[in-house]
Amino acid sequence: MAPGTVKKAIATVLSSSRDVCRKCGRKLVFENKAIPVVIYSNHRGTYLRSRLTKLCRKCKIYAHHRYWSVDGKRHFYRDSVLSEFLLSSEDTAFQMDVLAECNNLLVIGTVPFSTYAASYNRGFQYCKMATTNDIDP
């Protein structure tokens, strides 16, 4: 790469950085499929990427991006809030700047979440698609 050029990621794949099981120390293996994830970002808007899960077959511990699960319970890493993304559900992630802005407006500005969501959607020119029920006769 030439000096001064900026390296840009072409895709976002959320996965655990952990390589060994936290219980038995065995090597974690990737599950065979990538799961689609909707990512919300203040810079790029809403976009689709993937997540990969690692697992320990012996202990049945699943390692995800910034948390692990065992027996159906999630356990977040202590530094999860320092990560660029928070995987909030199986198919949804937020870039942390969205959550920080949302927190500031909801707590300090007492802005209703529906207003924040409308502002986010308007900022990226997202709009509700008209249906036949929305059109006056």
# chains A, B, ... in the order shown; residues from 1 in each chain; ligands from 1

$ residues_around --residues "Cys56 (chain A)" --least-positions-apart "2" --cutoff "9 Å" --atoms "only C-alpha atoms" --output "PDB file with N, CA and C atoms, in the first residue's frame"
ATOM      1  N   VAL A  20     -10.133 -19.509  22.259  1.00  0.00           N
ATOM      2  CA  VAL A  20     -10.208 -20.709  23.101  1.00  0.00           C
ATOM      3  C   VAL A  20     -11.388 -20.605  24.063  1.00  0.00           C
ATOM      4  N   CYS A  21     -11.905 -21.734  24.454  1.00  0.00           N
ATOM      5  CA  CYS A  21     -13.031 -21.813  25.378  1.00  0.00           C
ATOM      6  C   CYS A  21     -12.635 -21.258  26.740  1.00  0.00           C
ATOM      7  N   CYS A  24     -12.818 -24.725  29.264  1.00  0.00           N
ATOM      8  CA  CYS A  24     -11.900 -25.868  29.146  1.00  0.00           C
ATOM      9  C   CYS A  24     -10.600 -25.556  28.414  1.00  0.00           C
ATOM     10  N   ARG A  26     -10.128 -25.397  25.205  1.00  0.00           N
ATOM     11  CA  ARG A  26     -10.049 -25.970  23.849  1.00  0.00           C
ATOM     12  C   ARG A  26     -10.281 -24.888  22.804  1.00  0.00           C
ATOM     13  N   LYS A  27      -9.798 -25.165  21.605  1.00  0.00           N
ATOM     14  CA  LYS A  27      -9.951 -24.226  20.489  1.00  0.00           C
ATOM     15  C   LYS A  27     -11.426 -24.110  20.106  1.00  0.00           C
ATOM     16  N   LEU A  28     -11.897 -22.883  19.944  1.00  0.00           N
ATOM     17  CA  LEU A  28     -13.261 -22.635  19.476  1.00  0.00           C
ATOM     18  C   LEU A  28     -13.322 -22.834  17.971  1.00  0.00           C
ATOM     19  N   VAL A  29     -14.453 -23.313  17.486  1.00  0.00           N
ATOM     20  CA  VAL A  29     -14.639 -23.493  16.050  1.00  0.00           C
ATOM     21  C   VAL A  29     -15.795 -22.609  15.582  1.00  0.00           C
ATOM     22  N   LYS A  54     -18.688 -18.563  17.202  1.00  0.00           N
ATOM     23  CA  LYS A  54     -17.730 -19.623  17.513  1.00  0.00           C
ATOM     24  C   LYS A  54     -18.314 -20.439  18.657  1.00  0.00           C
ATOM     25  N   LYS A  58     -17.502 -29.154  23.342  1.00  0.00           N
ATOM     26  CA  LYS A  58     -17.492 -29.895  24.608  1.00  0.00           C
ATOM     27  C   LYS A  58     -18.352 -29.195  25.667  1.00  0.00           C
ATOM     28  N   CYS A  59     -18.147 -27.901  25.837  1.00  0.00           N
ATOM     29  CA  CYS A  59     -18.821 -27.158  26.909  1.00  0.00           C
ATOM     30  C   CYS A  59     -20.138 -26.510  26.479  1.00  0.00           C
ATOM     31  N   LYS A  60     -20.414 -26.506  25.177  1.00  0.00           N
ATOM     32  CA  LYS A  60     -21.618 -25.861  24.637  1.00  0.00           C
ATOM     33  C   LYS A  60     -21.664 -24.366  24.981  1.00  0.00           C
ATOM     34  N   ILE A  61     -20.498 -23.738  24.898  1.00  0.00           N
ATOM     35  CA  ILE A  61     -20.390 -22.293  25.086  1.00  0.00           C
ATOM     36  C   ILE A  61     -20.264 -21.662  23.705  1.00  0.00           C
ATOM     37  N   TYR A  62     -21.094 -20.658  23.448  1.00  0.00           N
ATOM     38  CA  TYR A  62     -21.110 -19.968  22.161  1.00  0.00           C
ATOM     39  C   TYR A  62     -20.491 -18.591  22.336  1.00  0.00           C
ATOM     40  N   ALA A  63     -19.484 -18.289  21.540  1.00  0.00           N
ATOM     41  CA  ALA A  63     -18.796 -16.997  21.600  1.00  0.00           C
ATOM     42  C   ALA A  63     -19.288 -16.114  20.458  1.00  0.00           C
TER      43      ALA A  63
END

$ select_by_dssp --residues "chain A" --states "strand (DSSP E)" --output "ChimeraX atom specification"
/A:13-14,29-30,35-41,45-51,54-56,61-64,67-70,73-76,85-89,92-95

$ closest_residue --among "A:Leu55, A:Ala117, A:Ile35, A:Val81" --to "Lys23 (chain A)" --atoms "only C-alpha atoms"
A:Leu55

$ residues_around --residues "region 83-90 of chain A" --least-positions-apart "5" --cutoff "7 Å" --atoms "only C-alpha atoms" --output "list of chain:residue names"
A:His65, A:Gln95, A:Met96

$ write_last_selection --atoms "N, CA, C and O atoms" --output "tab-separated table (two decimals), in the first residue's frame"
chain	number	residue	atom	x	y	z
A	65	HIS	N	-19.88	-11.73	19.17
A	65	HIS	CA	-19.19	-10.44	19.21
A	65	HIS	C	-19.47	-9.77	20.55
A	65	HIS	O	-20.59	-9.36	20.82
A	95	GLN	N	-23.97	0.69	16.03
A	95	GLN	CA	-22.67	1.31	16.20
A	95	GLN	C	-22.81	2.14	17.48
A	95	GLN	O	-23.85	2.75	17.74
A	96	MET	N	-21.80	2.13	18.32
A	96	MET	CA	-21.92	2.73	19.65
A	96	MET	C	-22.24	4.22	19.61
A	96	MET	O	-22.87	4.74	20.52

$ atom_distance --atom1 "CA of Asp97 (chain A)" --atom2 "CA of Arg49 (chain A)"
17.7 Å

$ select_by_dssp --residues "chain A" --states "helix (DSSP H, G or I)" --output "VMD selection string"
chain A and resid 80 to 82 96 to 108 113 to 123 132 to 134

$ residues_around --residues "Leu105 (chain A)" --least-positions-apart "6" --cutoff "10 Å" --atoms "only C-alpha atoms" --output "compact mmCIF listing (two decimals) with C-alpha atoms, in the first residue's frame"
# COMPACT_ATOMS: atom_id res chain seq x y z
CA LEU A 99 -26.46 4.54 21.28
CA VAL A 111 -36.68 13.44 23.50
CA PRO A 112 -39.12 10.54 22.96
CA PHE A 113 -37.57 7.55 21.20
CA THR A 115 -38.81 11.40 17.70
CA TYR A 116 -35.19 10.17 17.73

$ closest_residue --among "A:Lys33, A:Arg122, A:Arg22, A:Lys73" --to "Ser50 (chain A)" --atoms "only C-alpha atoms"
A:Lys33

$ atom_distance --atom1 "CA of Ala100 (chain A)" --atom2 "CA of Asp79 (chain A)"
15.3 Å

$ closest_residue --among "A:Ala93, A:Tyr67, A:Ala118, A:Cys102" --to "Ser80 (chain A)" --atoms "only C-alpha atoms"
A:Tyr67

$ atom_distance --atom1 "CA of His43 (chain A)" --atom2 "CA of Gly123 (chain A)"
10.2 Å

$ closest_residue --among "A:Thr12, A:Ser17, A:Ser114, A:Ser119" --to "Tyr77 (chain A)" --atoms "only C-alpha atoms"
A:Ser17

$ decode --residues "region 36-134 of chain A" --atoms "C-alpha atoms" --output "PDB file, in the first residue's frame"
ATOM      1  CA  PRO A  36     -27.319 -11.556   8.426  1.00  0.00           C
ATOM      2  CA  VAL A  37     -27.288  -8.567  10.805  1.00  0.00           C
ATOM      3  CA  VAL A  38     -28.876  -5.132  10.377  1.00  0.00           C
ATOM      4  CA  ILE A  39     -26.423  -2.474  11.600  1.00  0.00           C
ATOM      5  CA  TYR A  40     -27.514   1.021  12.605  1.00  0.00           C
ATOM      6  CA  SER A  41     -24.848   3.703  12.186  1.00  0.00           C
ATOM      7  CA  ASN A  42     -24.861   7.500  12.446  1.00  0.00           C
ATOM      8  CA  HIS A  43     -22.334   7.685   9.601  1.00  0.00           C
ATOM      9  CA  ARG A  44     -23.607   5.106   7.115  1.00  0.00           C
ATOM     10  CA  GLY A  45     -27.258   4.750   8.019  1.00  0.00           C
ATOM     11  CA  THR A  46     -28.718   1.277   8.187  1.00  0.00           C
ATOM     12  CA  TYR A  47     -26.870  -1.478   6.365  1.00  0.00           C
ATOM     13  CA  LEU A  48     -26.703  -5.249   6.202  1.00  0.00           C
ATOM     14  CA  ARG A  49     -23.659  -7.297   7.209  1.00  0.00           C
ATOM     15  CA  SER A  50     -22.989 -10.654   8.889  1.00  0.00           C
ATOM     16  CA  ARG A  51     -22.088 -12.231  12.188  1.00  0.00           C
ATOM     17  CA  LEU A  52     -20.259 -15.462  12.884  1.00  0.00           C
ATOM     18  CA  THR A  53     -20.512 -17.544  16.021  1.00  0.00           C
ATOM     19  CA  LYS A  54     -17.730 -19.623  17.513  1.00  0.00           C
ATOM     20  CA  LEU A  55     -18.437 -22.506  19.813  1.00  0.00           C
ATOM     21  CA  CYS A  56     -16.894 -25.069  22.121  1.00  0.00           C
ATOM     22  CA  ARG A  57     -18.477 -28.375  21.264  1.00  0.00           C
ATOM     23  CA  LYS A  58     -17.492 -29.895  24.608  1.00  0.00           C
ATOM     24  CA  CYS A  59     -18.821 -27.158  26.909  1.00  0.00           C
ATOM     25  CA  LYS A  60     -21.618 -25.861  24.637  1.00  0.00           C
ATOM     26  CA  ILE A  61     -20.390 -22.293  25.086  1.00  0.00           C
ATOM     27  CA  TYR A  62     -21.110 -19.968  22.161  1.00  0.00           C
ATOM     28  CA  ALA A  63     -18.796 -16.997  21.600  1.00  0.00           C
ATOM     29  CA  HIS A  64     -20.351 -13.989  19.874  1.00  0.00           C
ATOM     30  CA  HIS A  65     -19.187 -10.443  19.212  1.00  0.00           C
ATOM     31  CA  ARG A  66     -18.486  -8.998  22.716  1.00  0.00           C
ATOM     32  CA  TYR A  67     -20.505 -11.614  24.639  1.00  0.00           C
ATOM     33  CA  TRP A  68     -20.814 -15.351  25.139  1.00  0.00           C
ATOM     34  CA  SER A  69     -23.806 -17.534  25.877  1.00  0.00           C
ATOM     35  CA  VAL A  70     -24.244 -20.764  27.762  1.00  0.00           C
ATOM     36  CA  ASP A  71     -27.509 -22.498  28.685  1.00  0.00           C
ATOM     37  CA  GLY A  72     -29.421 -19.743  26.869  1.00  0.00           C
ATOM     38  CA  LYS A  73     -28.000 -16.918  29.029  1.00  0.00           C
ATOM     39  CA  ARG A  74     -25.906 -14.030  27.704  1.00  0.00           C
ATOM     40  CA  HIS A  75     -22.780 -12.823  29.462  1.00  0.00           C
ATOM     41  CA  PHE A  76     -21.304  -9.566  28.142  1.00  0.00           C
ATOM     42  CA  TYR A  77     -17.600  -8.764  28.318  1.00  0.00           C
ATOM     43  CA  ARG A  78     -16.833  -5.964  30.784  1.00  0.00           C
ATOM     44  CA  ASP A  79     -15.428  -3.783  28.001  1.00  0.00           C
ATOM     45  CA  SER A  80     -18.331  -4.318  25.561  1.00  0.00           C
ATOM     46  CA  VAL A  81     -19.256  -0.637  25.687  1.00  0.00           C
ATOM     47  CA  LEU A  82     -15.785   0.212  24.364  1.00  0.00           C
ATOM     48  CA  SER A  83     -16.392  -1.816  21.208  1.00  0.00           C
ATOM     49  CA  GLU A  84     -17.419  -0.143  17.955  1.00  0.00           C
ATOM     50  CA  PHE A  85     -20.586  -2.269  17.743  1.00  0.00           C
ATOM     51  CA  LEU A  86     -23.095  -3.708  20.199  1.00  0.00           C
ATOM     52  CA  LEU A  87     -24.820  -6.857  18.986  1.00  0.00           C
ATOM     53  CA  SER A  88     -28.183  -6.298  20.669  1.00  0.00           C
ATOM     54  CA  SER A  89     -30.018  -9.321  19.282  1.00  0.00           C
ATOM     55  CA  GLU A  90     -29.430 -12.233  16.946  1.00  0.00           C
ATOM     56  CA  ASP A  91     -29.933  -9.992  13.917  1.00  0.00           C
ATOM     57  CA  THR A  92     -29.454  -6.386  15.082  1.00  0.00           C
ATOM     58  CA  ALA A  93     -26.358  -4.359  15.949  1.00  0.00           C
ATOM     59  CA  PHE A  94     -25.778  -0.719  16.774  1.00  0.00           C
ATOM     60  CA  GLN A  95     -22.673   1.311  16.203  1.00  0.00           C
ATOM     61  CA  MET A  96     -21.916   2.730  19.648  1.00  0.00           C
ATOM     62  CA  ASP A  97     -22.188   6.344  18.442  1.00  0.00           C
ATOM     63  CA  VAL A  98     -25.898   5.754  17.728  1.00  0.00           C
ATOM     64  CA  LEU A  99     -26.459   4.538  21.280  1.00  0.00           C
ATOM     65  CA  ALA A 100     -24.463   7.417  22.774  1.00  0.00           C
ATOM     66  CA  GLU A 101     -26.446  10.003  20.827  1.00  0.00           C
ATOM     67  CA  CYS A 102     -29.721   8.269  21.598  1.00  0.00           C
ATOM     68  CA  ASN A 103     -28.830   8.157  25.308  1.00  0.00           C
ATOM     69  CA  ASN A 104     -27.973  11.859  25.363  1.00  0.00           C
ATOM     70  CA  LEU A 105     -31.196  12.878  23.656  1.00  0.00           C
ATOM     71  CA  LEU A 106     -33.440  10.542  25.659  1.00  0.00           C
ATOM     72  CA  VAL A 107     -31.953  11.218  29.092  1.00  0.00           C
ATOM     73  CA  ILE A 108     -30.738  14.809  28.893  1.00  0.00           C
ATOM     74  CA  GLY A 109     -32.989  16.178  26.172  1.00  0.00           C
ATOM     75  CA  THR A 110     -36.048  14.135  27.181  1.00  0.00           C
ATOM     76  CA  VAL A 111     -36.683  13.445  23.505  1.00  0.00           C
ATOM     77  CA  PRO A 112     -39.116  10.544  22.964  1.00  0.00           C
ATOM     78  CA  PHE A 113     -37.574   7.549  21.202  1.00  0.00           C
ATOM     79  CA  SER A 114     -40.113   7.863  18.369  1.00  0.00           C
ATOM     80  CA  THR A 115     -38.809  11.400  17.704  1.00  0.00           C
ATOM     81  CA  TYR A 116     -35.194  10.170  17.732  1.00  0.00           C
ATOM     82  CA  ALA A 117     -36.098   7.341  15.323  1.00  0.00           C
ATOM     83  CA  ALA A 118     -37.943   9.764  13.019  1.00  0.00           C
ATOM     84  CA  SER A 119     -34.914  12.088  13.027  1.00  0.00           C
ATOM     85  CA  TYR A 120     -32.547   9.180  12.270  1.00  0.00           C
ATOM     86  CA  ASN A 121     -34.762   8.021   9.394  1.00  0.00           C
ATOM     87  CA  ARG A 122     -35.127  11.532   8.001  1.00  0.00           C
ATOM     88  CA  GLY A 123     -31.369  12.125   8.198  1.00  0.00           C
ATOM     89  CA  PHE A 124     -30.791   9.152   5.912  1.00  0.00           C
ATOM     90  CA  GLN A 125     -33.838   9.899   3.752  1.00  0.00           C
ATOM     91  CA  TYR A 126     -35.648   6.761   4.820  1.00  0.00           C
ATOM     92  CA  CYS A 127     -39.377   7.036   4.527  1.00  0.00           C
ATOM     93  CA  LYS A 128     -42.391   4.877   5.121  1.00  0.00           C
ATOM     94  CA  MET A 129     -43.618   3.276   1.926  1.00  0.00           C
ATOM     95  CA  ALA A 130     -47.181   4.278   1.094  1.00  0.00           C
ATOM     96  CA  THR A 131     -49.711   1.471   1.069  1.00  0.00           C
ATOM     97  CA  THR A 132     -53.138   1.426  -0.500  1.00  0.00           C
ATOM     98  CA  ASN A 133     -54.597   2.078   2.982  1.00  0.00           C
ATOM     99  CA  ASP A 134     -52.625   5.345   3.220  1.00  0.00           C
TER     100      ASP A 134
END
